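Structure file run-v3.cif (mmCIF, C-alpha atoms) is printed below.
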```
data_my_file
loop_
_atom_site.label_atom_id
_atom_site.label_comp_id
_atom_site.auth_asym_id
_atom_site.auth_seq_id
_atom_site.Cartn_x
_atom_site.Cartn_y
_atom_site.Cartn_z
CA MET A 167 13.05 8.93 -6.16
CA VAL A 168 14.64 11.39 -8.57
CA PHE A 169 12.38 13.78 -10.42
CA PRO A 170 13.45 15.21 -13.75
CA LEU A 171 13.31 18.98 -13.97
CA SER A 172 10.69 18.64 -16.68
CA SER A 173 8.22 17.44 -14.03
CA LEU A 174 8.27 20.95 -12.57
CA SER A 175 5.96 23.30 -14.37
CA ALA A 176 7.74 26.38 -15.63
CA ALA A 177 6.29 29.75 -14.71
CA VAL A 178 5.52 30.84 -18.23
CA PRO A 179 2.82 31.97 -17.93
CA LEU A 180 2.81 32.77 -14.23
CA ALA A 181 0.09 30.65 -12.55
CA PRO A 182 -3.08 32.68 -11.91
CA TRP A 183 -2.91 32.07 -8.13
CA ARG A 184 0.50 33.77 -7.93
CA SER A 185 -0.98 37.24 -8.07
CA PRO A 186 -3.46 36.85 -5.14
CA LEU A 187 -0.76 35.04 -3.14
CA ALA A 188 1.78 37.82 -3.79
CA ARG A 189 -0.85 40.35 -2.71
CA ALA A 190 -1.49 38.44 0.53
CA LEU A 191 2.23 38.22 1.27
CA HIS A 192 2.57 41.93 0.67
CA ARG A 193 -0.42 42.95 2.78
CA ASN A 194 0.66 40.73 5.68
CA ARG A 195 4.35 41.59 5.45
CA SER A 196 4.44 43.36 8.83
CA ARG A 197 3.93 40.00 10.50
CA PRO A 198 6.99 37.74 10.14
CA TYR A 199 4.91 34.61 10.80
CA SER A 200 3.00 35.29 7.56
CA ARG A 201 5.73 33.18 5.96
CA TYR A 202 4.91 30.19 8.19
CA ILE A 203 2.90 27.48 6.46
CA GLN A 204 1.44 24.18 7.68
CA LEU A 205 2.67 21.25 5.60
CA ALA A 206 0.64 18.01 5.67
CA THR A 207 2.05 14.70 4.47
CA VAL A 208 1.06 11.04 4.79
CA GLN A 209 3.12 8.78 7.05
CA ALA A 210 4.14 5.15 6.50
CA ASN A 211 1.24 4.05 8.75
CA ASP A 212 -1.27 5.95 6.53
CA ARG A 213 -1.91 8.58 9.18
CA PRO A 214 -1.43 12.23 8.23
CA ALA A 215 1.30 14.43 9.71
CA ASN A 216 1.21 18.21 9.93
CA ARG A 217 3.85 20.77 10.91
CA THR A 218 4.93 24.34 10.30
CA VAL A 219 7.56 25.19 7.70
CA VAL A 220 8.92 28.56 6.60
CA PHE A 221 8.27 29.76 3.05
CA ARG A 222 11.67 30.45 1.43
CA GLY A 223 10.41 32.09 -1.75
CA PHE A 224 9.77 30.69 -5.21
CA TRP A 225 12.33 28.67 -7.09
CA GLY A 226 13.57 30.93 -9.90
CA ASP A 227 10.81 31.81 -12.33
CA ARG A 228 8.76 28.65 -11.64
CA ASN A 229 5.50 28.22 -9.74
CA VAL A 230 7.39 26.16 -7.18
CA LEU A 231 7.64 27.01 -3.48
CA GLN A 232 10.82 26.42 -1.51
CA PHE A 233 11.29 25.34 2.10
CA VAL A 234 14.26 23.84 3.91
CA THR A 235 14.31 20.87 6.24
CA ASP A 236 16.60 18.48 8.03
CA GLN A 237 17.33 15.30 6.12
CA ARG A 238 16.75 13.38 9.38
CA SER A 239 13.25 14.82 9.94
CA GLN A 240 10.05 12.83 9.85
CA LYS A 241 8.75 14.85 6.89
CA VAL A 242 11.67 13.68 4.74
CA GLN A 243 10.76 10.08 5.56
CA ASP A 244 7.09 10.77 4.75
CA VAL A 245 7.80 12.45 1.43
CA THR A 246 10.26 9.74 0.39
CA LEU A 247 7.43 7.21 0.69
CA SER A 248 4.69 9.42 -0.75
CA PRO A 249 5.56 12.78 -2.33
CA TRP A 250 2.06 14.25 -2.06
CA ALA A 251 1.57 17.12 0.33
CA GLU A 252 -0.90 19.89 1.08
CA LEU A 253 0.05 23.30 2.39
CA CYS A 254 -2.39 25.35 4.43
CA TRP A 255 -1.47 29.01 4.66
CA TYR A 256 -3.57 31.31 6.77
CA PHE A 257 -2.98 35.07 6.66
CA THR A 258 -4.12 36.61 9.92
CA GLN A 259 -4.15 40.28 8.89
CA THR A 260 -6.27 39.88 5.76
CA ARG A 261 -8.20 36.80 6.98
CA GLU A 262 -7.61 34.64 3.94
CA GLN A 263 -6.53 31.04 3.47
CA PHE A 264 -4.60 29.41 0.65
CA ARG A 265 -4.53 25.64 0.37
CA LEU A 266 -1.98 24.30 -2.10
CA ALA A 267 -1.84 20.63 -3.02
CA GLY A 268 0.93 18.99 -4.98
CA MET A 269 4.16 17.10 -4.95
CA VAL A 270 7.33 17.63 -2.96
CA ILE A 271 10.74 17.12 -4.55
CA LEU A 272 13.56 16.73 -2.02
CA VAL A 273 16.94 18.12 -2.98
CA THR A 274 19.41 16.28 -0.79
CA ALA A 275 23.20 16.39 -0.99
CA GLN A 276 22.97 13.38 -3.34
CA HIS A 277 20.58 14.87 -5.89
CA PRO A 278 22.25 14.58 -9.32
CA GLU A 279 20.74 17.66 -11.01
CA ALA A 280 23.25 20.53 -11.04
CA GLU A 281 20.51 23.17 -11.28
CA LEU A 282 18.88 21.79 -8.13
CA GLN A 283 22.20 21.70 -6.27
CA THR A 284 22.62 25.38 -7.15
CA ALA A 285 19.19 26.06 -5.65
CA ARG A 286 20.17 24.06 -2.54
CA GLN A 287 23.38 26.07 -2.17
CA ARG A 288 21.45 29.35 -2.58
CA SER A 289 18.94 28.42 0.08
CA TRP A 290 21.81 27.55 2.45
CA ASP A 291 23.43 30.93 1.76
CA ALA A 292 20.13 32.72 2.42
CA LEU A 293 19.68 31.07 5.85
CA SER A 294 20.42 32.98 9.04
CA GLU A 295 23.38 31.86 11.13
CA SER A 296 21.06 30.40 13.79
CA GLY A 297 19.18 28.56 11.05
CA GLN A 298 22.42 27.09 9.72
CA ARG A 299 23.56 26.06 13.22
CA SER A 300 20.43 23.95 13.76
CA PHE A 301 21.54 21.54 11.01
CA PHE A 302 24.39 20.45 13.30
CA TRP A 303 22.12 19.69 16.24
CA PRO A 304 21.51 16.09 17.32
CA HIS A 305 18.88 13.97 15.55
CA PRO A 306 15.53 15.85 15.60
CA GLY A 307 12.81 14.04 17.56
CA ASP A 308 15.20 11.70 19.41
CA ARG A 309 15.20 11.67 23.20
CA ARG A 310 17.10 14.65 24.50
CA HIS A 311 20.18 14.05 26.61
CA PRO A 312 20.05 16.42 29.55
CA ASP A 313 23.83 16.70 29.78
CA HIS A 314 24.43 17.09 26.03
CA ASP A 315 24.41 20.66 24.75
CA LEU A 316 22.37 21.03 21.52
CA GLU A 317 25.18 23.14 20.10
CA ALA A 318 27.99 20.72 21.01
CA ASP A 319 28.61 19.61 17.42
CA VAL A 320 28.21 22.98 15.71
CA PRO A 321 31.54 23.90 14.09
CA GLN A 322 33.27 27.10 15.16
CA ALA A 323 33.10 28.43 11.60
CA LEU A 324 29.98 27.50 9.65
CA PRO A 325 30.89 25.90 6.32
CA PRO A 326 30.20 27.69 2.99
CA THR A 327 28.61 24.55 1.55
CA PRO A 328 25.57 22.94 3.22
CA PRO A 329 26.08 19.86 5.42
CA GLU A 330 24.58 16.48 4.46
CA THR A 331 21.68 17.12 6.84
CA PHE A 332 20.54 20.16 4.86
CA CYS A 333 17.74 19.46 2.45
CA LEU A 334 15.85 21.80 0.12
CA GLY A 335 12.18 21.01 -0.42
CA LEU A 336 10.49 22.08 -3.64
CA PHE A 337 6.73 22.08 -3.62
CA ASN A 338 5.02 21.94 -7.01
CA PRO A 339 1.26 22.60 -6.68
CA ASP A 340 -1.35 21.28 -9.07
CA TRP A 341 -4.39 22.51 -7.08
CA VAL A 342 -4.94 25.73 -5.14
CA ASP A 343 -7.95 26.86 -3.11
CA HIS A 344 -8.17 30.49 -2.03
CA LEU A 345 -10.76 31.47 0.58
CA GLU A 346 -11.36 35.07 1.62
CA LEU A 347 -13.29 35.31 4.89
CA ARG A 348 -13.53 39.07 4.72
CA GLY A 349 -16.12 40.58 2.49
CA GLU A 350 -19.84 40.05 2.21
CA PRO A 351 -20.30 37.55 0.80
CA GLN A 352 -17.12 35.52 1.27
CA THR A 353 -15.31 34.46 -1.89
CA ARG A 354 -13.51 31.25 -2.72
CA THR A 355 -11.55 30.51 -5.88
CA ARG A 356 -10.28 27.14 -7.04
CA TYR A 357 -7.33 26.71 -9.39
CA GLU A 358 -6.48 23.40 -11.03
CA LEU A 359 -3.65 22.41 -13.33
CA ILE A 360 -5.26 20.34 -16.09
CA ASP A 361 -3.17 19.14 -19.06
CA GLY A 362 -0.55 21.75 -18.26
CA GLU A 363 -3.04 24.65 -18.12
CA TRP A 364 -4.32 26.34 -14.99
CA GLN A 365 -8.12 26.39 -14.84
CA MET A 366 -9.80 28.77 -12.43
CA MET A 367 -13.34 28.84 -11.08
CA SER A 368 -15.38 30.46 -8.38
CA VAL A 369 -16.73 27.95 -5.82
CA ASN A 370 -19.03 28.12 -2.81
CA PRO A 371 -17.25 28.95 0.47
CA MET B 1421 -18.60 4.28 11.70
CA VAL B 1422 -19.98 4.73 15.20
CA PHE B 1423 -17.54 5.03 18.08
CA PRO B 1424 -18.60 4.03 21.57
CA LEU B 1425 -18.04 6.71 24.18
CA SER B 1426 -15.60 4.40 25.92
CA SER B 1427 -13.17 4.95 23.03
CA LEU B 1428 -12.75 8.56 24.21
CA SER B 1429 -10.27 8.88 27.01
CA ALA B 1430 -11.74 10.55 30.08
CA ALA B 1431 -9.87 13.51 31.49
CA VAL B 1432 -9.09 11.95 34.84
CA PRO B 1433 -6.29 12.67 35.20
CA LEU B 1434 -6.06 15.70 32.93
CA ALA B 1435 -3.53 14.89 30.17
CA PRO B 1436 -0.13 16.46 30.90
CA TRP B 1437 -0.21 18.49 27.63
CA ARG B 1438 -3.40 20.29 28.75
CA SER B 1439 -1.54 22.63 31.06
CA PRO B 1440 1.01 23.97 28.49
CA LEU B 1441 -1.80 24.23 25.90
CA ALA B 1442 -4.02 26.17 28.34
CA ARG B 1443 -1.09 28.48 29.05
CA ALA B 1444 -0.53 29.08 25.32
CA LEU B 1445 -4.24 29.82 24.78
CA HIS B 1446 -4.17 32.25 27.68
CA ARG B 1447 -0.99 34.05 26.62
CA ASN B 1448 -2.21 34.41 23.04
CA ARG B 1449 -5.80 35.32 23.91
CA SER B 1450 -5.54 38.87 22.54
CA ARG B 1451 -5.35 37.38 19.04
CA PRO B 1452 -8.64 35.79 17.97
CA TYR B 1453 -6.87 33.64 15.34
CA SER B 1454 -5.06 31.82 18.15
CA ARG B 1455 -8.06 29.52 18.09
CA TYR B 1456 -7.49 28.64 14.43
CA ILE B 1457 -5.87 25.26 13.87
CA GLN B 1458 -4.75 23.43 10.73
CA LEU B 1459 -6.38 20.02 10.42
CA ALA B 1460 -4.73 17.42 8.19
CA THR B 1461 -6.55 14.32 6.98
CA VAL B 1462 -5.96 11.69 4.29
CA GLN B 1463 -8.17 11.70 1.18
CA ALA B 1464 -9.58 8.76 -0.73
CA ASN B 1465 -6.75 9.09 -3.28
CA ASP B 1466 -4.15 8.76 -0.46
CA ARG B 1467 -3.11 12.40 -0.76
CA PRO B 1468 -3.22 14.55 2.36
CA ALA B 1469 -5.62 17.46 2.81
CA ASN B 1470 -5.09 20.43 5.11
CA ARG B 1471 -7.37 23.26 6.16
CA THR B 1472 -8.08 25.66 9.00
CA VAL B 1473 -10.71 24.89 11.64
CA VAL B 1474 -11.73 26.84 14.73
CA PHE B 1475 -11.09 25.35 18.16
CA ARG B 1476 -14.46 25.18 19.99
CA GLY B 1477 -13.17 24.19 23.41
CA PHE B 1478 -12.83 20.81 25.07
CA TRP B 1479 -15.68 18.36 25.28
CA GLY B 1480 -16.77 18.38 28.93
CA ASP B 1481 -14.03 17.10 31.23
CA ARG B 1482 -12.36 14.96 28.56
CA ASN B 1483 -9.07 15.51 26.70
CA VAL B 1484 -11.07 15.86 23.49
CA LEU B 1485 -11.05 18.95 21.27
CA GLN B 1486 -14.20 20.16 19.53
CA PHE B 1487 -14.63 21.76 16.11
CA VAL B 1488 -17.66 22.16 13.89
CA THR B 1489 -17.97 21.48 10.20
CA ASP B 1490 -20.43 21.12 7.37
CA GLN B 1491 -21.59 17.56 6.77
CA ARG B 1492 -21.09 18.19 3.04
CA SER B 1493 -17.45 19.26 3.40
CA GLN B 1494 -14.48 17.35 2.03
CA LYS B 1495 -13.11 16.77 5.53
CA VAL B 1496 -16.22 14.82 6.51
CA GLN B 1497 -15.67 12.56 3.49
CA ASP B 1498 -11.99 12.14 4.40
CA VAL B 1499 -12.65 11.31 8.04
CA THR B 1500 -15.42 8.88 7.16
CA LEU B 1501 -12.89 6.87 5.15
CA SER B 1502 -9.98 7.26 7.57
CA PRO B 1503 -10.54 8.84 10.99
CA TRP B 1504 -6.89 9.71 11.60
CA ALA B 1505 -5.98 13.37 11.66
CA GLU B 1506 -3.19 15.64 12.80
CA LEU B 1507 -3.69 19.16 14.07
CA CYS B 1508 -0.95 21.75 13.78
CA TRP B 1509 -1.43 24.74 16.04
CA TYR B 1510 1.00 27.61 15.87
CA PHE B 1511 0.82 30.41 18.44
CA THR B 1512 2.27 33.57 16.94
CA GLN B 1513 2.67 35.63 20.12
CA THR B 1514 4.58 33.05 22.14
CA ARG B 1515 6.21 31.32 19.13
CA GLU B 1516 5.26 27.78 20.01
CA GLN B 1517 3.75 24.92 18.06
CA PHE B 1518 1.55 22.07 19.20
CA ARG B 1519 1.04 19.07 16.95
CA LEU B 1520 -1.75 16.74 18.04
CA ALA B 1521 -2.34 13.41 16.34
CA GLY B 1522 -5.35 11.21 16.87
CA MET B 1523 -8.77 10.18 15.74
CA VAL B 1524 -11.79 12.24 14.72
CA ILE B 1525 -15.29 11.21 15.73
CA LEU B 1526 -18.03 12.89 13.71
CA VAL B 1527 -21.27 13.68 15.47
CA THR B 1528 -23.84 14.02 12.70
CA ALA B 1529 -27.60 14.39 13.10
CA GLN B 1530 -27.81 10.58 12.88
CA HIS B 1531 -25.37 9.75 15.68
CA PRO B 1532 -27.20 7.47 18.15
CA GLU B 1533 -25.42 8.51 21.38
CA ALA B 1534 -27.59 10.93 23.38
CA GLU B 1535 -24.60 12.41 25.18
CA LEU B 1536 -23.01 13.27 21.84
CA GLN B 1537 -26.23 14.80 20.51
CA THR B 1538 -26.27 17.02 23.60
CA ALA B 1539 -22.72 18.13 22.78
CA ARG B 1540 -23.78 18.78 19.16
CA GLN B 1541 -26.73 20.90 20.33
CA ARG B 1542 -24.47 22.85 22.71
CA SER B 1543 -21.97 23.61 19.97
CA TRP B 1544 -24.82 24.84 17.74
CA ASP B 1545 -26.07 27.08 20.54
CA ALA B 1546 -22.57 28.48 21.06
CA LEU B 1547 -22.17 29.44 17.39
CA SER B 1548 -22.55 33.04 16.26
CA GLU B 1549 -25.52 33.90 14.07
CA SER B 1550 -23.29 34.29 11.01
CA GLY B 1551 -21.74 30.92 11.78
CA GLN B 1552 -25.17 29.32 11.98
CA ARG B 1553 -26.26 30.96 8.73
CA SER B 1554 -23.38 29.39 6.78
CA PHE B 1555 -24.87 25.91 7.32
CA PHE B 1556 -27.73 26.92 5.00
CA TRP B 1557 -25.43 28.03 2.21
CA PRO B 1558 -25.19 25.95 -0.98
CA HIS B 1559 -22.89 22.91 -1.14
CA PRO B 1560 -19.34 23.98 -0.12
CA GLY B 1561 -16.77 23.60 -2.89
CA ASP B 1562 -19.33 23.33 -5.71
CA ARG B 1563 -19.17 25.76 -8.59
CA ARG B 1564 -20.67 29.07 -7.57
CA HIS B 1565 -23.71 30.33 -9.42
CA PRO B 1566 -23.19 34.02 -10.11
CA ASP B 1567 -26.90 34.80 -9.93
CA HIS B 1568 -27.61 32.72 -6.83
CA ASP B 1569 -27.24 34.56 -3.50
CA LEU B 1570 -25.32 32.49 -0.89
CA GLU B 1571 -27.93 33.45 1.66
CA ALA B 1572 -30.95 32.54 -0.51
CA ASP B 1573 -31.85 29.44 1.52
CA VAL B 1574 -31.15 30.79 5.00
CA PRO B 1575 -34.42 30.79 6.97
CA GLN B 1576 -35.71 34.09 8.33
CA ALA B 1577 -35.56 32.75 11.87
CA LEU B 1578 -32.64 30.42 12.62
CA PRO B 1579 -33.85 27.14 14.12
CA PRO B 1580 -33.12 26.21 17.77
CA THR B 1581 -31.95 22.75 16.73
CA PRO B 1582 -29.06 22.31 14.30
CA PRO B 1583 -29.81 21.49 10.66
CA GLU B 1584 -28.73 18.17 9.10
CA THR B 1585 -25.68 19.89 7.59
CA PHE B 1586 -24.31 20.75 11.04
CA CYS B 1587 -21.69 18.34 12.27
CA LEU B 1588 -19.64 18.35 15.47
CA GLY B 1589 -16.10 16.98 15.21
CA LEU B 1590 -14.46 15.48 18.27
CA PHE B 1591 -10.72 15.06 18.12
CA ASN B 1592 -9.17 12.56 20.50
CA PRO B 1593 -5.36 12.85 20.52
CA ASP B 1594 -3.00 10.01 21.34
CA TRP B 1595 0.23 11.88 20.53
CA VAL B 1596 1.21 15.50 21.15
CA ASP B 1597 4.42 17.32 20.22
CA HIS B 1598 5.09 20.72 21.78
CA LEU B 1599 7.88 22.87 20.33
CA GLU B 1600 8.94 26.16 21.89
CA LEU B 1601 11.01 28.26 19.50
CA ARG B 1602 11.67 30.94 22.08
CA GLY B 1603 14.35 30.35 24.64
CA GLU B 1604 17.95 29.34 24.35
CA PRO B 1605 18.05 26.48 23.75
CA GLN B 1606 14.67 25.63 22.19
CA THR B 1607 12.64 22.98 23.98
CA ARG B 1608 10.46 20.24 22.58
CA THR B 1609 8.30 17.83 24.57
CA ARG B 1610 6.60 14.69 23.28
CA TYR B 1611 3.51 13.17 24.91
CA GLU B 1612 2.24 9.71 24.00
CA LEU B 1613 -0.78 7.80 25.20
CA ILE B 1614 0.47 4.26 25.87
CA ASP B 1615 -1.87 1.66 27.41
CA GLY B 1616 -4.14 4.44 28.62
CA GLU B 1617 -1.34 6.41 30.31
CA TRP B 1618 0.26 9.59 29.00
CA GLN B 1619 4.05 9.28 28.76
CA MET B 1620 6.09 12.44 28.44
CA MET B 1621 9.66 12.98 27.30
CA SER B 1622 11.97 15.74 26.25
CA VAL B 1623 13.14 15.38 22.62
CA ASN B 1624 15.57 17.23 20.35
CA PRO B 1625 14.01 20.17 18.51
#
```
Encoded form (structure tokens):
Amino acid sequence: MVFPLSSLSAAVPLAPWRSPLARALHRNRSRPYSRYIQLATVQANDRPANRTVVFRGFWGDRNVLQFVTDQRSQKVQDVTLSPWAELCWYFTQTREQFRLAGMVILVTAQHPEAELQTARQRSWDALSESGQRSFFWPHPGDRRHPDHDLEADVPQALPPTPPETFCLGLFNPDWVDHLELRGEPQTRTRYELIDGEWQMMSVNP
Amino acid sequence: MVFPLSSLSAAVPLAPWRSPLARALHRNRSRPYSRYIQLATVQANDRPANRTVVFRGFWGDRNVLQFVTDQRSQKVQDVTLSPWAELCWYFTQTREQFRLAGMVILVTAQHPEAELQTARQRSWDALSESGQRSFFWPHPGDRRHPDHDLEADVPQALPPTPPETFCLGLFNPDWVDHLELRGEPQTRTRYELIDGEWQMMSVNP
């Protein structure tokens, strides 16, 4: 499935959940795992799947979150069949949870949009060396061969352009739920994208 | 849907993933949020949902995880339509992830099994007072009334038996994936319940 760029909401104006999320990221910045998010998808057998991904920043000036993944991973299969996903992001220091629901766009090596290939290249460049090396490991989730070194197929010099296995994921939310456990009473705010406009309301925790 | 007790695998023998999970819980015990897990379900519209729940221990001597939830919550609706769920549990101190896939059994006030009602009562008893109070709050997720105190309907003395809103969730995994990011190389172990027996294999991270 190829999504036109126009399906991604531009960040003008910045979505109203961006400010509380930026504040949470800032307040929890001393903990590196504050950038770890749980990504839920639906599998071919209609059962959910759930795993941790690393938040790789927003895509340009849009309200779109970036993560990277291996083209051979189960989540790529899931999202190819059904692009809907929900992120659950819990911040341990400030005791608050963001849930973000929306659609994932996969930017593989074959994606025709030049702007998205630029984003894919940038996210490859921003990856650590050990992160880049993992994209040359054997097929994730397959039985491990005890006498086959994971690093056996990693090239001596890592290439400047991403390998075929490297995939950028763009997550475009249309629903956000922000729960703050601290504070008496607790607060919970719901954001919904309706006809291109973000609506915001206070809901019961 | 009512599940017979026989659908829950007894813990004889203890599932092989129990020992690494117990070790992770022990090593991360200084961090209270180590008991927070992300629970993914599938909604009526076929989109996934994902939120944090608190691990409330195992149910007796079975390989079944307990959590509590409000009968009025979205996750109860989801699980009533499709009982499949996947838990994602990331331990920040030891940098390891457990994914557990399986079925949720809801123990509401109406559940006919006496043994399950006993478990429901025990989980109510084990809850903190503030936890118990939240089950008397207004409908979770509904628009919040600014002039209506969340605590308005909480009884002066909390009852010894759980209110109708209190629901015990039992999660019965049939698939577990354990990823250890620490260590060179990383290790990943897959456990699958096949014909009543847990199979275990090492897979590529």
Run the PyMOL selection byres ((chain A) within 7 of (chain B)) mentally over the shown coordinates, then write out the matched residues as a PyMOL selection string, using the chain letters and numbers from the document.
chain A and resi 199+204+206-208+213-217+250-254+258+265+304-310+368-371
In Å, how far is it from CA of Arg299 (chain A) to CA of Thr1514 (chain B)?
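Between CA of Arg299 (chain A) and CA of Thr1514 (chain B) the gap is 22.1 Å.
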Could you tell me how far CA of His1598 (chain B) sits from CA of Asp244 (chain A), in Å to one decimal place?
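So the answer is 19.8 Å.
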Name the residues that the PyMOL selection byres ((chain A and resi 324) around 12) pulls out of this structure, and write them as a PDB file with C-alpha atoms, in the coordinates of the input.
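New file part_12.pdb:
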```pdb
ATOM      1  CA  TRP A 290      21.810  27.550   2.450  1.00  0.00           C
ATOM      2  CA  ASP A 291      23.430  30.930   1.760  1.00  0.00           C
ATOM      3  CA  LEU A 293      19.680  31.070   5.850  1.00  0.00           C
ATOM      4  CA  SER A 294      20.420  32.980   9.040  1.00  0.00           C
ATOM      5  CA  GLU A 295      23.380  31.860  11.130  1.00  0.00           C
ATOM      6  CA  SER A 296      21.060  30.400  13.790  1.00  0.00           C
ATOM      7  CA  GLY A 297      19.180  28.560  11.050  1.00  0.00           C
ATOM      8  CA  GLN A 298      22.420  27.090   9.720  1.00  0.00           C
ATOM      9  CA  ARG A 299      23.560  26.060  13.220  1.00  0.00           C
ATOM     10  CA  SER A 300      20.430  23.950  13.760  1.00  0.00           C
ATOM     11  CA  PHE A 301      21.540  21.540  11.010  1.00  0.00           C
ATOM     12  CA  PHE A 302      24.390  20.450  13.300  1.00  0.00           C
ATOM     13  CA  ASP A 319      28.610  19.610  17.420  1.00  0.00           C
ATOM     14  CA  VAL A 320      28.210  22.980  15.710  1.00  0.00           C
ATOM     15  CA  PRO A 321      31.540  23.900  14.090  1.00  0.00           C
ATOM     16  CA  GLN A 322      33.270  27.100  15.160  1.00  0.00           C
ATOM     17  CA  ALA A 323      33.100  28.430  11.600  1.00  0.00           C
ATOM     18  CA  PRO A 325      30.890  25.900   6.320  1.00  0.00           C
ATOM     19  CA  PRO A 326      30.200  27.690   2.990  1.00  0.00           C
ATOM     20  CA  THR A 327      28.610  24.550   1.550  1.00  0.00           C
ATOM     21  CA  PRO A 328      25.570  22.940   3.220  1.00  0.00           C
ATOM     22  CA  PRO A 329      26.080  19.860   5.420  1.00  0.00           C
TER      23      PRO A 329
END
```
Any idea what the distance is between CA of Ala188 (chain A) and CA of Ser289 (chain A)?
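Atom-to-atom, CA of Ala188 (chain A) to CA of Ser289 (chain A), that is 19.9 Å.
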Take the PyMOL selection byres ((chain A and resi 361-363) around 10), run it mentally on this structure, and tell me the resulting residues as a ChimeraX atom specification.
/A:175-176,179,181,340,357-360,364-366
Pick from B:Leu1599, B:Leu1428, B:Ala1529, B:Ala1539: nearest to Thr1585 (chain B), with only C-alpha atoms counted?
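Of B:Leu1599, B:Leu1428, B:Ala1529, B:Ala1539, the one nearest Thr1585 (chain B) is B:Ala1529, counting only C-alpha atoms.
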Can you work out which one of A:Ala318, A:Leu282, A:Ala210, A:Ala292 has the shortest atom-to-atom distance to Trp225 (chain A), counting all atoms listed in the file?
A:Leu282
If we count all atoms listed in the file and set the cut-off at 9 Å, which residues sit around Val234 (chain A), ignoring sequence neighbours fewer than 4 positions away in its own chain? Please answer as a short mmCIF file (atom, residue, chain, number, x, y, z; two decimals) with C-alpha atoms, in the coordinates of the input.
```
data_model
loop_
_atom_site.label_atom_id
_atom_site.label_comp_id
_atom_site.auth_asym_id
_atom_site.auth_seq_id
_atom_site.Cartn_x
_atom_site.Cartn_y
_atom_site.Cartn_z
CA VAL A 219 7.56 25.19 7.70
CA VAL A 220 8.92 28.56 6.60
CA PHE A 221 8.27 29.76 3.05
CA ARG A 222 11.67 30.45 1.43
CA ARG A 286 20.17 24.06 -2.54
CA SER A 289 18.94 28.42 0.08
CA TRP A 290 21.81 27.55 2.45
CA PHE A 332 20.54 20.16 4.86
CA CYS A 333 17.74 19.46 2.45
CA LEU A 334 15.85 21.80 0.12
CA GLY A 335 12.18 21.01 -0.42
CA LEU A 336 10.49 22.08 -3.64
#
```
